[in-house]
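query-v2.cif (mmCIF, C-alpha atoms and all ligand atoms) appears below.
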```
data_final
#
loop_
_atom_site.group_PDB
_atom_site.id
_atom_site.type_symbol
_atom_site.label_atom_id
_atom_site.label_comp_id
_atom_site.auth_asym_id
_atom_site.auth_seq_id
_atom_site.Cartn_x
_atom_site.Cartn_y
_atom_site.Cartn_z
ATOM 1 C CA MET A 1 51.223 -252.212 -120.665
ATOM 2 C CA THR A 2 53.857 -251.187 -118.124
ATOM 3 C CA ASP A 3 53.634 -252.141 -114.435
ATOM 4 C CA ILE A 4 52.694 -248.612 -113.524
ATOM 5 C CA GLU A 5 49.797 -248.564 -116.008
ATOM 6 C CA GLU A 6 48.474 -251.920 -114.807
ATOM 7 C CA ASN A 7 48.582 -250.926 -111.164
ATOM 8 C CA LEU A 8 47.777 -247.257 -111.474
ATOM 9 C CA PHE A 9 44.714 -247.298 -109.200
ATOM 10 C CA SER A 10 45.626 -250.260 -107.003
ATOM 11 C CA LEU A 11 45.925 -249.631 -103.277
ATOM 12 C CA SER A 12 46.570 -253.247 -102.318
ATOM 13 C CA SER A 13 49.873 -252.520 -100.595
ATOM 14 C CA GLU A 14 48.576 -249.457 -98.717
ATOM 15 C CA THR A 15 46.948 -248.940 -95.334
ATOM 16 C CA PHE A 16 44.666 -245.903 -95.055
ATOM 17 C CA LEU A 17 43.388 -244.183 -91.945
ATOM 18 C CA VAL A 18 39.959 -242.652 -92.709
ATOM 19 C CA THR A 19 38.451 -240.103 -90.306
ATOM 20 C CA GLY A 20 34.715 -239.455 -90.132
ATOM 21 C CA ALA A 21 34.139 -243.073 -91.201
ATOM 22 C CA SER A 22 30.902 -243.487 -89.235
ATOM 23 C CA SER A 23 28.623 -241.778 -91.778
ATOM 24 C CA GLY A 24 28.229 -239.890 -95.039
ATOM 25 C CA LEU A 25 31.208 -239.298 -97.279
ATOM 26 C CA GLY A 26 33.643 -241.078 -94.961
ATOM 27 C CA VAL A 27 31.761 -244.373 -95.363
ATOM 28 C CA GLU A 28 31.740 -243.933 -99.143
ATOM 29 C CA VAL A 29 35.449 -243.159 -99.296
ATOM 30 C CA ALA A 30 36.285 -246.136 -97.073
ATOM 31 C CA ARG A 31 34.282 -248.447 -99.339
ATOM 32 C CA ALA A 32 35.899 -247.001 -102.488
ATOM 33 C CA LEU A 33 39.457 -247.378 -101.161
ATOM 34 C CA SER A 34 38.651 -250.873 -99.948
ATOM 35 C CA ARG A 35 37.473 -251.859 -103.446
ATOM 36 C CA GLN A 36 40.926 -250.805 -104.680
ATOM 37 C CA GLY A 37 42.472 -253.224 -102.190
ATOM 38 C CA ALA A 38 43.480 -250.848 -99.372
ATOM 39 C CA SER A 39 43.629 -252.028 -95.772
ATOM 40 C CA LEU A 40 41.788 -249.589 -93.533
ATOM 41 C CA VAL A 41 41.703 -248.079 -90.073
ATOM 42 C CA LEU A 42 38.336 -246.393 -89.531
ATOM 43 C CA THR A 43 37.815 -243.668 -86.973
ATOM 44 C CA ALA A 44 35.054 -241.386 -85.630
ATOM 45 C CA ARG A 45 33.297 -241.125 -82.243
ATOM 46 C CA ARG A 46 30.419 -243.583 -82.884
ATOM 47 C CA LYS A 47 32.057 -246.935 -82.227
ATOM 48 C CA GLU A 48 29.071 -249.138 -83.209
ATOM 49 C CA ARG A 49 28.995 -247.580 -86.696
ATOM 50 C CA LEU A 50 32.723 -248.178 -87.128
ATOM 51 C CA GLU A 51 32.403 -251.758 -85.935
ATOM 52 C CA GLN A 52 29.640 -252.403 -88.467
ATOM 53 C CA LEU A 53 31.636 -250.973 -91.394
ATOM 54 C CA ALA A 54 34.818 -252.784 -90.321
ATOM 55 C CA LYS A 55 32.862 -256.065 -90.437
ATOM 56 C CA GLU A 56 31.646 -255.293 -93.969
ATOM 57 C CA LEU A 57 35.073 -254.492 -95.429
ATOM 58 C CA PRO A 58 38.022 -256.886 -95.786
ATOM 59 C CA ASN A 59 41.190 -255.912 -93.888
ATOM 60 C CA ALA A 60 39.511 -253.136 -91.923
ATOM 61 C CA THR A 61 39.791 -252.308 -88.252
ATOM 62 C CA TYR A 62 38.631 -249.338 -86.202
ATOM 63 C CA CYS A 63 39.468 -247.163 -83.241
ATOM 64 C CA ALA A 64 36.985 -244.627 -81.853
ATOM 65 C CA CYS A 65 38.373 -241.127 -81.324
ATOM 66 C CA ASP A 66 37.089 -237.628 -80.629
ATOM 67 C CA LEU A 67 39.366 -235.610 -82.921
ATOM 68 C CA SER A 68 38.729 -232.422 -80.981
ATOM 69 C CA ARG A 69 40.712 -233.952 -78.080
ATOM 70 C CA PRO A 70 44.496 -234.119 -78.636
ATOM 71 C CA GLU A 71 44.932 -236.907 -76.066
ATOM 72 C CA GLU A 72 42.455 -239.047 -78.023
ATOM 73 C CA ILE A 73 44.365 -238.336 -81.241
ATOM 74 C CA ASP A 74 47.505 -239.606 -79.507
ATOM 75 C CA ASN A 75 45.630 -242.749 -78.403
ATOM 76 C CA LEU A 76 44.489 -243.327 -81.978
ATOM 77 C CA TRP A 77 48.055 -243.201 -83.297
ATOM 78 C CA ARG A 78 49.221 -245.428 -80.423
ATOM 79 C CA PHE A 79 46.584 -247.940 -81.548
ATOM 80 C CA CYS A 80 47.890 -247.736 -85.143
ATOM 81 C CA ASP A 81 51.514 -248.167 -84.006
ATOM 82 C CA GLN A 82 50.736 -251.147 -81.805
ATOM 83 C CA GLU A 83 47.917 -252.929 -83.634
ATOM 84 C CA VAL A 84 48.252 -252.018 -87.311
ATOM 85 C CA GLY A 85 51.762 -251.000 -88.372
ATOM 86 C CA ALA A 86 52.648 -248.416 -90.983
ATOM 87 C CA ILE A 87 49.840 -246.149 -92.186
ATOM 88 C CA THR A 88 50.674 -244.937 -95.713
ATOM 89 C CA GLY A 89 47.507 -242.965 -96.495
ATOM 90 C CA LEU A 90 45.460 -240.508 -94.465
ATOM 91 C CA ILE A 91 41.983 -239.299 -95.421
ATOM 92 C CA ASN A 92 41.200 -236.279 -93.244
ATOM 93 C CA ASN A 93 37.432 -236.286 -93.738
ATOM 94 C CA ALA A 94 35.757 -235.642 -90.344
ATOM 95 C CA GLY A 95 34.014 -232.292 -90.164
ATOM 96 C CA VAL A 96 31.126 -230.321 -88.727
ATOM 97 C CA ALA A 97 29.194 -227.282 -89.914
ATOM 98 C CA VAL A 98 27.404 -224.566 -87.972
ATOM 99 C CA VAL A 99 24.810 -222.696 -90.019
ATOM 100 C CA GLN A 100 24.380 -219.384 -88.265
ATOM 101 C CA SER A 101 24.679 -215.707 -89.006
ATOM 102 C CA ALA A 102 28.141 -214.392 -88.067
ATOM 103 C CA LEU A 103 26.399 -211.845 -85.839
ATOM 104 C CA GLU A 104 24.840 -214.676 -83.810
ATOM 105 C CA GLU A 105 27.662 -217.227 -83.806
ATOM 106 C CA SER A 106 29.573 -217.233 -80.514
ATOM 107 C CA ASP A 107 33.361 -217.202 -80.373
ATOM 108 C CA ASP A 108 33.228 -220.654 -78.760
ATOM 109 C CA ALA A 109 31.015 -222.088 -81.510
ATOM 110 C CA TYR A 110 33.384 -220.646 -84.136
ATOM 111 C CA ARG A 111 36.406 -222.035 -82.290
ATOM 112 C CA SER A 112 34.975 -225.537 -81.985
ATOM 113 C CA VAL A 113 34.316 -225.778 -85.752
ATOM 114 C CA VAL A 114 37.839 -224.593 -86.579
ATOM 115 C CA GLU A 115 39.237 -226.933 -83.924
ATOM 116 C CA LEU A 116 37.776 -230.011 -85.627
ATOM 117 C CA ASN A 117 37.784 -228.966 -89.302
ATOM 118 C CA LEU A 118 41.251 -227.411 -89.378
ATOM 119 C CA VAL A 119 43.310 -227.952 -86.210
ATOM 120 C CA SER A 120 42.601 -231.700 -86.125
ATOM 121 C CA VAL A 121 43.461 -231.972 -89.844
ATOM 122 C CA PHE A 122 46.852 -230.457 -89.053
ATOM 123 C CA ALA A 123 47.296 -232.607 -85.925
ATOM 124 C CA MET A 124 46.507 -235.809 -87.832
ATOM 125 C CA ALA A 125 48.682 -234.910 -90.822
ATOM 126 C CA ARG A 126 51.649 -234.023 -88.594
ATOM 127 C CA ARG A 127 51.520 -237.304 -86.671
ATOM 128 C CA PHE A 128 51.126 -239.217 -89.950
ATOM 129 C CA ALA A 129 54.072 -237.490 -91.657
ATOM 130 C CA ARG A 130 56.348 -237.829 -88.606
ATOM 131 C CA ARG A 131 55.908 -241.603 -88.645
ATOM 132 C CA LEU A 132 56.438 -241.911 -92.405
ATOM 133 C CA ILE A 133 59.580 -239.774 -92.311
ATOM 134 C CA ASP A 134 61.021 -241.763 -89.381
ATOM 135 C CA ALA A 135 60.289 -245.033 -91.203
ATOM 136 C CA GLU A 136 61.581 -243.633 -94.535
ATOM 137 C CA LEU A 137 58.260 -244.434 -96.208
ATOM 138 C CA HIS A 138 56.291 -242.455 -98.762
ATOM 139 C CA GLY A 139 52.598 -241.672 -98.385
ATOM 140 C CA VAL A 140 49.576 -239.559 -99.281
ATOM 141 C CA VAL A 141 47.233 -237.245 -97.426
ATOM 142 C CA VAL A 142 43.838 -236.374 -98.873
ATOM 143 C CA ASN A 143 42.067 -233.620 -96.949
ATOM 144 C CA VAL A 144 38.365 -232.936 -97.365
ATOM 145 C CA ALA A 145 37.769 -229.247 -98.048
ATOM 146 C CA SER A 146 34.537 -227.838 -99.523
ATOM 147 C CA ILE A 147 33.391 -225.501 -102.264
ATOM 148 C CA PHE A 148 32.800 -223.068 -99.388
ATOM 149 C CA GLY A 149 36.542 -222.989 -98.788
ATOM 150 C CA LEU A 150 36.818 -221.545 -102.307
ATOM 151 C CA VAL A 151 33.700 -219.438 -102.899
ATOM 152 C CA GLY A 152 31.045 -217.818 -100.723
ATOM 153 C CA SER A 153 27.602 -219.395 -100.450
ATOM 154 C CA GLY A 154 25.504 -216.227 -100.540
ATOM 155 C CA GLN A 155 22.486 -218.066 -99.032
ATOM 156 C CA VAL A 156 23.770 -220.250 -96.186
ATOM 157 C CA PRO A 157 25.661 -218.381 -93.425
ATOM 158 C CA LEU A 158 28.777 -220.425 -92.691
ATOM 159 C CA ALA A 159 31.509 -218.182 -91.245
ATOM 160 C CA SER A 160 33.287 -220.817 -89.155
ATOM 161 C CA TYR A 161 32.823 -223.601 -91.711
ATOM 162 C CA ALA A 162 33.910 -221.511 -94.706
ATOM 163 C CA SER A 163 36.996 -220.193 -92.940
ATOM 164 C CA SER A 164 37.985 -223.649 -91.678
ATOM 165 C CA LYS A 165 37.673 -225.101 -95.200
ATOM 166 C CA GLY A 166 39.585 -222.179 -96.722
ATOM 167 C CA GLY A 167 42.245 -223.024 -94.148
ATOM 168 C CA VAL A 168 42.236 -226.651 -95.308
ATOM 169 C CA VAL A 169 42.928 -225.535 -98.898
ATOM 170 C CA SER A 170 45.914 -223.383 -97.786
ATOM 171 C CA LEU A 171 47.179 -225.986 -95.335
ATOM 172 C CA THR A 172 47.095 -228.588 -98.120
ATOM 173 C CA ARG A 173 49.350 -226.393 -100.270
ATOM 174 C CA GLU A 174 51.737 -225.585 -97.439
ATOM 175 C CA LEU A 175 52.131 -229.184 -96.206
ATOM 176 C CA ALA A 176 52.627 -230.339 -99.796
ATOM 177 C CA LEU A 177 55.515 -227.897 -100.115
ATOM 178 C CA GLN A 178 57.109 -228.842 -96.808
ATOM 179 C CA TRP A 179 56.798 -232.610 -97.299
ATOM 180 C CA ALA A 180 57.420 -233.081 -101.025
ATOM 181 C CA LYS A 181 61.082 -233.798 -100.272
ATOM 182 C CA TYR A 182 60.021 -236.766 -98.120
ATOM 183 C CA GLY A 183 57.825 -238.279 -100.843
ATOM 184 C CA ILE A 184 54.611 -237.340 -99.027
ATOM 185 C CA ARG A 185 51.948 -235.910 -101.330
ATOM 186 C CA VAL A 186 49.189 -233.751 -99.844
ATOM 187 C CA ASN A 187 46.026 -232.949 -101.812
ATOM 188 C CA ALA A 188 42.415 -232.102 -101.084
ATOM 189 C CA VAL A 189 38.975 -232.854 -102.492
ATOM 190 C CA ALA A 190 36.423 -230.021 -102.402
ATOM 191 C CA PRO A 191 32.939 -231.516 -102.766
ATOM 192 C CA GLY A 192 29.840 -229.586 -103.738
ATOM 193 C CA TRP A 193 26.467 -230.767 -102.377
ATOM 194 C CA PHE A 194 26.173 -234.448 -101.404
ATOM 195 C CA LEU A 195 23.550 -236.085 -99.185
ATOM 196 C CA SER A 196 24.844 -236.911 -95.686
ATOM 197 C CA GLU A 197 23.902 -236.298 -92.066
ATOM 198 C CA MET A 198 25.462 -232.836 -92.429
ATOM 199 C CA THR A 199 23.319 -231.843 -95.405
ATOM 200 C CA GLU A 200 20.084 -233.812 -94.843
ATOM 201 C CA GLY A 201 18.272 -230.605 -93.799
ATOM 202 C CA MET A 202 19.041 -229.100 -97.221
ATOM 203 C CA PHE A 203 18.039 -232.273 -99.059
ATOM 204 C CA SER A 204 14.697 -232.549 -97.255
ATOM 205 C CA ASP A 205 13.780 -228.928 -98.021
ATOM 206 C CA GLU A 206 12.197 -228.418 -101.451
ATOM 207 C CA GLY A 207 13.261 -224.763 -101.706
ATOM 208 C CA ALA A 208 16.864 -225.670 -100.882
ATOM 209 C CA GLN A 209 16.796 -228.520 -103.415
ATOM 210 C CA ARG A 210 15.518 -226.137 -106.098
ATOM 211 C CA TRP A 211 18.220 -223.604 -105.200
ATOM 212 C CA ILE A 212 20.959 -226.255 -105.499
ATOM 213 C CA ALA A 213 19.632 -227.506 -108.854
ATOM 214 C CA GLN A 214 19.255 -223.992 -110.293
ATOM 215 C CA ARG A 215 22.600 -222.786 -108.994
ATOM 216 C CA THR A 216 24.603 -225.838 -110.226
ATOM 217 C CA PRO A 217 25.682 -225.902 -113.896
ATOM 218 C CA LEU A 218 25.058 -229.681 -114.026
ATOM 219 C CA ALA A 219 21.618 -228.907 -112.512
ATOM 220 C CA ARG A 220 21.675 -231.385 -109.611
ATOM 221 C CA PRO A 221 23.548 -232.272 -106.418
ATOM 222 C CA GLY A 222 26.232 -234.959 -106.402
ATOM 223 C CA ARG A 223 25.180 -238.614 -106.330
ATOM 224 C CA GLN A 224 26.475 -241.442 -104.230
ATOM 225 C CA GLY A 225 29.720 -242.706 -105.771
ATOM 226 C CA GLU A 226 30.532 -239.480 -107.627
ATOM 227 C CA LEU A 227 33.379 -238.637 -105.245
ATOM 228 C CA ASP A 228 34.983 -242.080 -105.480
ATOM 229 C CA GLY A 229 37.040 -241.285 -108.587
ATOM 230 C CA ALA A 230 38.584 -238.163 -107.036
ATOM 231 C CA PHE A 231 39.585 -239.976 -103.834
ATOM 232 C CA ILE A 232 40.947 -243.012 -105.663
ATOM 233 C CA PHE A 233 42.908 -240.792 -108.077
ATOM 234 C CA LEU A 234 44.505 -238.695 -105.312
ATOM 235 C CA SER A 235 45.171 -241.756 -103.124
ATOM 236 C CA SER A 236 46.871 -243.852 -105.799
ATOM 237 C CA LYS A 237 49.846 -243.852 -108.157
ATOM 238 C CA ALA A 238 47.540 -242.373 -110.781
ATOM 239 C CA SER A 239 48.325 -238.988 -109.196
ATOM 240 C CA SER A 240 52.018 -239.621 -108.482
ATOM 241 C CA TYR A 241 53.002 -236.183 -109.911
ATOM 242 C CA VAL A 242 50.179 -234.235 -108.246
ATOM 243 C CA THR A 243 50.627 -232.441 -104.935
ATOM 244 C CA GLY A 244 49.228 -229.372 -103.179
ATOM 245 C CA GLN A 245 46.057 -229.405 -105.305
ATOM 246 C CA THR A 246 42.400 -229.125 -104.419
ATOM 247 C CA LEU A 247 40.259 -231.202 -106.769
ATOM 248 C CA VAL A 248 36.776 -229.703 -106.953
ATOM 249 C CA VAL A 249 33.865 -232.133 -107.493
ATOM 250 C CA ASP A 250 30.813 -229.886 -107.569
ATOM 251 C CA GLY A 251 28.912 -230.128 -110.858
ATOM 252 C CA GLY A 252 30.429 -226.770 -111.795
ATOM 253 C CA TRP A 253 29.128 -224.805 -108.771
ATOM 254 C CA SER A 254 32.404 -222.979 -108.106
ATOM 255 C CA ILE A 255 33.032 -221.888 -111.704
ATOM 256 C CA LEU A 256 29.887 -219.771 -111.874
HETATM 257 N N1 LIG B 1 28.001 -233.559 -97.665
HETATM 258 C C1 LIG B 1 28.411 -232.519 -98.369
HETATM 259 O O1 LIG B 1 27.683 -231.994 -99.215
HETATM 260 C C2 LIG B 1 29.797 -231.961 -98.164
HETATM 261 C C3 LIG B 1 30.240 -230.963 -99.037
HETATM 262 C C4 LIG B 1 31.510 -230.439 -98.874
HETATM 263 C C5 LIG B 1 32.337 -230.939 -97.879
HETATM 264 N N2 LIG B 1 31.879 -231.910 -97.039
HETATM 265 C C6 LIG B 1 32.797 -232.385 -96.010
HETATM 266 O O2 LIG B 1 32.818 -233.798 -96.019
HETATM 267 C C7 LIG B 1 33.232 -234.259 -94.754
HETATM 268 C C8 LIG B 1 32.278 -235.352 -94.297
HETATM 269 O O3 LIG B 1 31.013 -234.767 -94.047
HETATM 270 P P1 LIG B 1 29.638 -235.507 -94.368
HETATM 271 O O4 LIG B 1 28.916 -234.669 -95.335
HETATM 272 O O5 LIG B 1 29.869 -236.930 -94.670
HETATM 273 O O6 LIG B 1 28.888 -235.298 -92.971
HETATM 274 P P2 LIG B 1 28.493 -236.308 -91.818
HETATM 275 O O7 LIG B 1 27.690 -237.436 -92.346
HETATM 276 O O8 LIG B 1 27.908 -235.437 -90.759
HETATM 277 O O9 LIG B 1 29.895 -236.894 -91.334
HETATM 278 C C9 LIG B 1 30.759 -236.211 -90.470
HETATM 279 C C10 LIG B 1 31.738 -237.210 -89.892
HETATM 280 O O10 LIG B 1 32.632 -236.525 -89.009
HETATM 281 C C11 LIG B 1 32.707 -237.223 -87.789
HETATM 282 N N3 LIG B 1 32.966 -236.316 -86.673
HETATM 283 C C12 LIG B 1 32.258 -235.208 -86.326
HETATM 284 N N4 LIG B 1 32.763 -234.673 -85.199
HETATM 285 C C13 LIG B 1 33.815 -235.450 -84.838
HETATM 286 C C14 LIG B 1 34.733 -235.428 -83.753
HETATM 287 N N5 LIG B 1 34.701 -234.474 -82.797
HETATM 288 N N6 LIG B 1 35.696 -236.381 -83.694
HETATM 289 C C15 LIG B 1 35.746 -237.347 -84.634
HETATM 290 N N7 LIG B 1 34.910 -237.440 -85.674
HETATM 291 C C16 LIG B 1 33.948 -236.498 -85.771
HETATM 292 C C17 LIG B 1 31.334 -237.883 -87.628
HETATM 293 O O11 LIG B 1 31.431 -239.041 -86.821
HETATM 294 P P3 LIG B 1 30.954 -239.170 -85.293
HETATM 295 O O12 LIG B 1 29.741 -238.300 -85.130
HETATM 296 O O13 LIG B 1 30.670 -240.639 -85.153
HETATM 297 O O14 LIG B 1 32.131 -238.737 -84.488
HETATM 298 C C18 LIG B 1 31.046 -238.292 -89.068
HETATM 299 O O15 LIG B 1 31.627 -239.544 -89.356
HETATM 300 C C19 LIG B 1 33.246 -233.036 -93.837
HETATM 301 O O16 LIG B 1 34.575 -232.566 -93.690
HETATM 302 C C20 LIG B 1 32.421 -232.030 -94.597
HETATM 303 O O17 LIG B 1 32.747 -230.707 -94.272
HETATM 304 C C21 LIG B 1 30.635 -232.427 -97.156
#
```
What do you get writing this file as structure tokens?
Amino acid sequence: MTDIEENLFSLSSETFLVTGASSGLGVEVARALSRQGASLVLTARRKERLEQLAKELPNATYCACDLSRPEEIDNLWRFCDQEVGAITGLINNAGVAVVQSALEESDDAYRSVVELNLVSVFAMARRFARRLIDAELHGVVVNVASIFGLVGSGQVPLASYASSKGGVVSLTRELALQWAKYGIRVNAVAPGWFLSEMTEGMFSDEGAQRWIAQRTPLARPGRQGELDGAFIFLSSKASSYVTGQTLVVDGGWSIL
């Protein structure tokens, strides 16, 4: 076995910054990357949650940040520069969803979803890449998109969410093109339905559960752990020749 085969999924020499690490998918991703040996910086607004997860995982620290506030994003990166050192992986996972008819959704509500789900993804990626380029280091970005960045939902009105996630898919492609020459790969994961704070309303509603099961070719929502492989693949050397892609993990939802 060559070195590259042995170490294909190892992240033991990498430090990842994971956003939205206080609940749901962010906690799962942090745990999965940690199992592969990554050091971690966890961020979100709820500090107590971050503190708890940082205690659970080896080589993990945290810094609370409201990603809708540029000055807080700057503070977060200042913390990384001063307390952590080089960040070589960025998981842009934080997100919010507003479920509302487009006729009812205010411009401000729309703007605040796009601000967090898309503008902050750009702001984080730009600060990350700037540091890597200046330090002549290579790195990876994994953005969290959604099936609703690729296809319409038909049942759940999600104008701001769907457009922000469509933006994440395009931004992923564009940043991959601009930064390939620096050895920075940029990919995205587009999950289907997974239980989290964001989706608990759907999971506690029998009609919604039935709809998800009937509408999904694999006939069920995603289970805990079923996104780990996608994140580990895109974060590690296993995907060293992959950039600009959106890996869909949705039980077949988006192919129907
Ligand atoms: N669950 C699904 O089925 C599904 C499907 C497709 C895509 N996704 C995407 O997966 C990502 C994670 O969502 P989730 O399902 O795990 O939902 P979740 O449990 O609600 O997690 C959202 C995370 O984002 C953080 N966040 C929200 N607003 C923030 C802000 N202003 N500044 C910083 N952090 C903020 C939250 O932390 P604080 O509240 O502590 O700040 C939390 O950690 C999102 O991008 C979502 O769109 C989820």
_Taking (54.1, -238.6, -88.6) in the coordinates of the supplied file, I want to know which residues reach to within 12 Å of it, counting all atoms listed in the file; could you give the answer as number ranges by chain?_
A: 74, 77-78, 80-81, 86-90, 122-141, 179, 182, 184
*asked:* Just want the residues within 6 Å of ligand LIG 1 (chain B), written as number ranges by chain, counting only C-alpha atoms and all ligand atoms.
replied: A: 20-26, 44-46, 65-68, 93-96, 144-146, 191-199
Would you write out those residues with C-alpha atoms, as a compact mmCIF listing (two decimals), in the coordinates of the input?
```
# COMPACT_ATOMS: atom_id res chain seq x y z
CA GLY A 20 34.72 -239.46 -90.13
CA ALA A 21 34.14 -243.07 -91.20
CA SER A 22 30.90 -243.49 -89.24
CA SER A 23 28.62 -241.78 -91.78
CA GLY A 24 28.23 -239.89 -95.04
CA LEU A 25 31.21 -239.30 -97.28
CA GLY A 26 33.64 -241.08 -94.96
CA ALA A 44 35.05 -241.39 -85.63
CA ARG A 45 33.30 -241.12 -82.24
CA ARG A 46 30.42 -243.58 -82.88
CA CYS A 65 38.37 -241.13 -81.32
CA ASP A 66 37.09 -237.63 -80.63
CA LEU A 67 39.37 -235.61 -82.92
CA SER A 68 38.73 -232.42 -80.98
CA ASN A 93 37.43 -236.29 -93.74
CA ALA A 94 35.76 -235.64 -90.34
CA GLY A 95 34.01 -232.29 -90.16
CA VAL A 96 31.13 -230.32 -88.73
CA VAL A 144 38.36 -232.94 -97.36
CA ALA A 145 37.77 -229.25 -98.05
CA SER A 146 34.54 -227.84 -99.52
CA PRO A 191 32.94 -231.52 -102.77
CA GLY A 192 29.84 -229.59 -103.74
CA TRP A 193 26.47 -230.77 -102.38
CA PHE A 194 26.17 -234.45 -101.40
CA LEU A 195 23.55 -236.08 -99.18
CA SER A 196 24.84 -236.91 -95.69
CA GLU A 197 23.90 -236.30 -92.07
CA MET A 198 25.46 -232.84 -92.43
CA THR A 199 23.32 -231.84 -95.40
```
Restrict the calculation to all atoms listed in the file, then for each residue of range 182-231 of chain A with any atom at most 8 Å from an atom of range 173-178 of chain A give the closest atom pair and their distance in Å to one decimal, rows by chain and rising residue number, as CSV.
```
residue,atom,partner,partner_atom,distance
A:Ile184,CA,A:Ala176,CA,7.3
A:Arg185,CA,A:Ala176,CA,5.8
A:Val186,CA,A:Ala176,CA,4.8
A:Asn187,CA,A:Ala176,CA,7.4
```
*Using all atoms listed in the file, which residues sit within 9 Å of range 27-38 of chain A once same-chain residues fewer than 4 positions away are excluded, as a PyMOL selection string?*
chain A and resi 9-18+20-23+42+53+57-60+91+224-225+227-229+231-232+235
Please produce a file of those selected residues containing C-alpha atoms, as a PDB file, in the coordinates of the input.
```pdb
ATOM      1  CA  PHE A   9      44.714-247.298-109.200  1.00  0.00           C
ATOM      2  CA  SER A  10      45.626-250.260-107.003  1.00  0.00           C
ATOM      3  CA  LEU A  11      45.925-249.631-103.277  1.00  0.00           C
ATOM      4  CA  SER A  12      46.570-253.247-102.318  1.00  0.00           C
ATOM      5  CA  SER A  13      49.873-252.520-100.595  1.00  0.00           C
ATOM      6  CA  GLU A  14      48.576-249.457 -98.717  1.00  0.00           C
ATOM      7  CA  THR A  15      46.948-248.940 -95.334  1.00  0.00           C
ATOM      8  CA  PHE A  16      44.666-245.903 -95.055  1.00  0.00           C
ATOM      9  CA  LEU A  17      43.388-244.183 -91.945  1.00  0.00           C
ATOM     10  CA  VAL A  18      39.959-242.652 -92.709  1.00  0.00           C
ATOM     11  CA  GLY A  20      34.715-239.455 -90.132  1.00  0.00           C
ATOM     12  CA  ALA A  21      34.139-243.073 -91.201  1.00  0.00           C
ATOM     13  CA  SER A  22      30.902-243.487 -89.235  1.00  0.00           C
ATOM     14  CA  SER A  23      28.623-241.778 -91.778  1.00  0.00           C
ATOM     15  CA  LEU A  42      38.336-246.393 -89.531  1.00  0.00           C
ATOM     16  CA  LEU A  53      31.636-250.973 -91.394  1.00  0.00           C
ATOM     17  CA  LEU A  57      35.073-254.492 -95.429  1.00  0.00           C
ATOM     18  CA  PRO A  58      38.022-256.886 -95.786  1.00  0.00           C
ATOM     19  CA  ASN A  59      41.190-255.912 -93.888  1.00  0.00           C
ATOM     20  CA  ALA A  60      39.511-253.136 -91.923  1.00  0.00           C
ATOM     21  CA  ILE A  91      41.983-239.299 -95.421  1.00  0.00           C
ATOM     22  CA  GLN A 224      26.475-241.442-104.230  1.00  0.00           C
ATOM     23  CA  GLY A 225      29.720-242.706-105.771  1.00  0.00           C
ATOM     24  CA  LEU A 227      33.379-238.637-105.245  1.00  0.00           C
ATOM     25  CA  ASP A 228      34.983-242.080-105.480  1.00  0.00           C
ATOM     26  CA  GLY A 229      37.040-241.285-108.587  1.00  0.00           C
ATOM     27  CA  PHE A 231      39.585-239.976-103.834  1.00  0.00           C
ATOM     28  CA  ILE A 232      40.947-243.012-105.663  1.00  0.00           C
ATOM     29  CA  SER A 235      45.171-241.756-103.124  1.00  0.00           C
TER      30      SER A 235
END
```
*Residues picked by the PyMOL selection byres (((chain A and resi 167) around 12) and not hetatm) here, as a ChimeraX atom specification?*
/A:113-122,143-146,148-150,160-166,168-175,188,246
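In this model, the gap between CA of Asn92 in chain A and CA of Gly152 in chain A comes to 22.4 Å.
Using the PyMOL selection byres (((chain A and resi 256) around 10) and not hetatm) on the file at hand returns these residues: Val151, Arg215, Thr216, Pro217, Gly252, Trp253, Ser254 and Ile255 of chain A.
The gap separating CA of Val249 in chain A from CA of Glu226 in chain A is 8.1 Å, in Å to one decimal.
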Translate the PyMOL selection byres (((chain A and resi 247) around 6) and not hetatm) into a concrete residue list for this structure, as a PDB file with C-alpha atoms, keeping the file's coordinate frame.
```pdb
ATOM      1  CA  VAL A 189      38.975-232.854-102.492  1.00  0.00           C
ATOM      2  CA  ALA A 190      36.423-230.021-102.402  1.00  0.00           C
ATOM      3  CA  THR A 246      42.400-229.125-104.419  1.00  0.00           C
ATOM      4  CA  VAL A 248      36.776-229.703-106.953  1.00  0.00           C
TER       5      VAL A 248
END
```
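Pairwise distance (CA of Ala64 in chain A, CA of Gly85 in chain A) equals 17.4 Å.
Using only C-alpha atoms, the nearest neighbour of Gly154 in chain A within the list A:Ser101, A:Ser239, A:Ser204, A:Ser106 is A:Ser101.
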Around all the atoms of range 168-187 of chain A listed in the file, with 4 Å of room on each side, what axis-aligned box do you get, giving centre and edge lengths in Å to one decimal, as lines of an AutoDock Vina configuration file?
```
center_x = 51.7
center_y = -230.8
center_z = -98.6
size_x = 26.8
size_y = 22.9
size_z = 14.5
```
*Using only C-alpha atoms, pick whichever of A:Arg69, A:Phe79, A:Gly251, A:Leu158 has the shortest atom-to-atom distance to Ala109 in chain A.*
A:Leu158
Keeping C-alpha atoms, write range 94-106 of chain A of the structure just shown out as a PDB file, in the first residue's frame.
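Result written to part-v1.pdb:
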```
ATOM      1  CA  ALA A  94     -24.277  27.347   9.791  1.00  0.00           C
ATOM      2  CA  GLY A  95     -27.654  28.109   8.271  1.00  0.00           C
ATOM      3  CA  VAL A  96     -31.241  29.115   8.915  1.00  0.00           C
ATOM      4  CA  ALA A  97     -34.494  28.507   7.066  1.00  0.00           C
ATOM      5  CA  VAL A  98     -37.660  30.578   6.869  1.00  0.00           C
ATOM      6  CA  VAL A  99     -40.709  28.588   5.790  1.00  0.00           C
ATOM      7  CA  GLN A 100     -43.109  31.148   4.405  1.00  0.00           C
ATOM      8  CA  SER A 101     -44.959  31.886   1.213  1.00  0.00           C
ATOM      9  CA  ALA A 102     -42.987  34.305  -0.991  1.00  0.00           C
ATOM     10  CA  LEU A 103     -46.036  36.582  -0.951  1.00  0.00           C
ATOM     11  CA  GLU A 104     -45.789  36.858   2.847  1.00  0.00           C
ATOM     12  CA  GLU A 105     -42.017  36.891   3.344  1.00  0.00           C
ATOM     13  CA  SER A 106     -40.695  40.403   3.981  1.00  0.00           C
TER      14      SER A 106
END
```
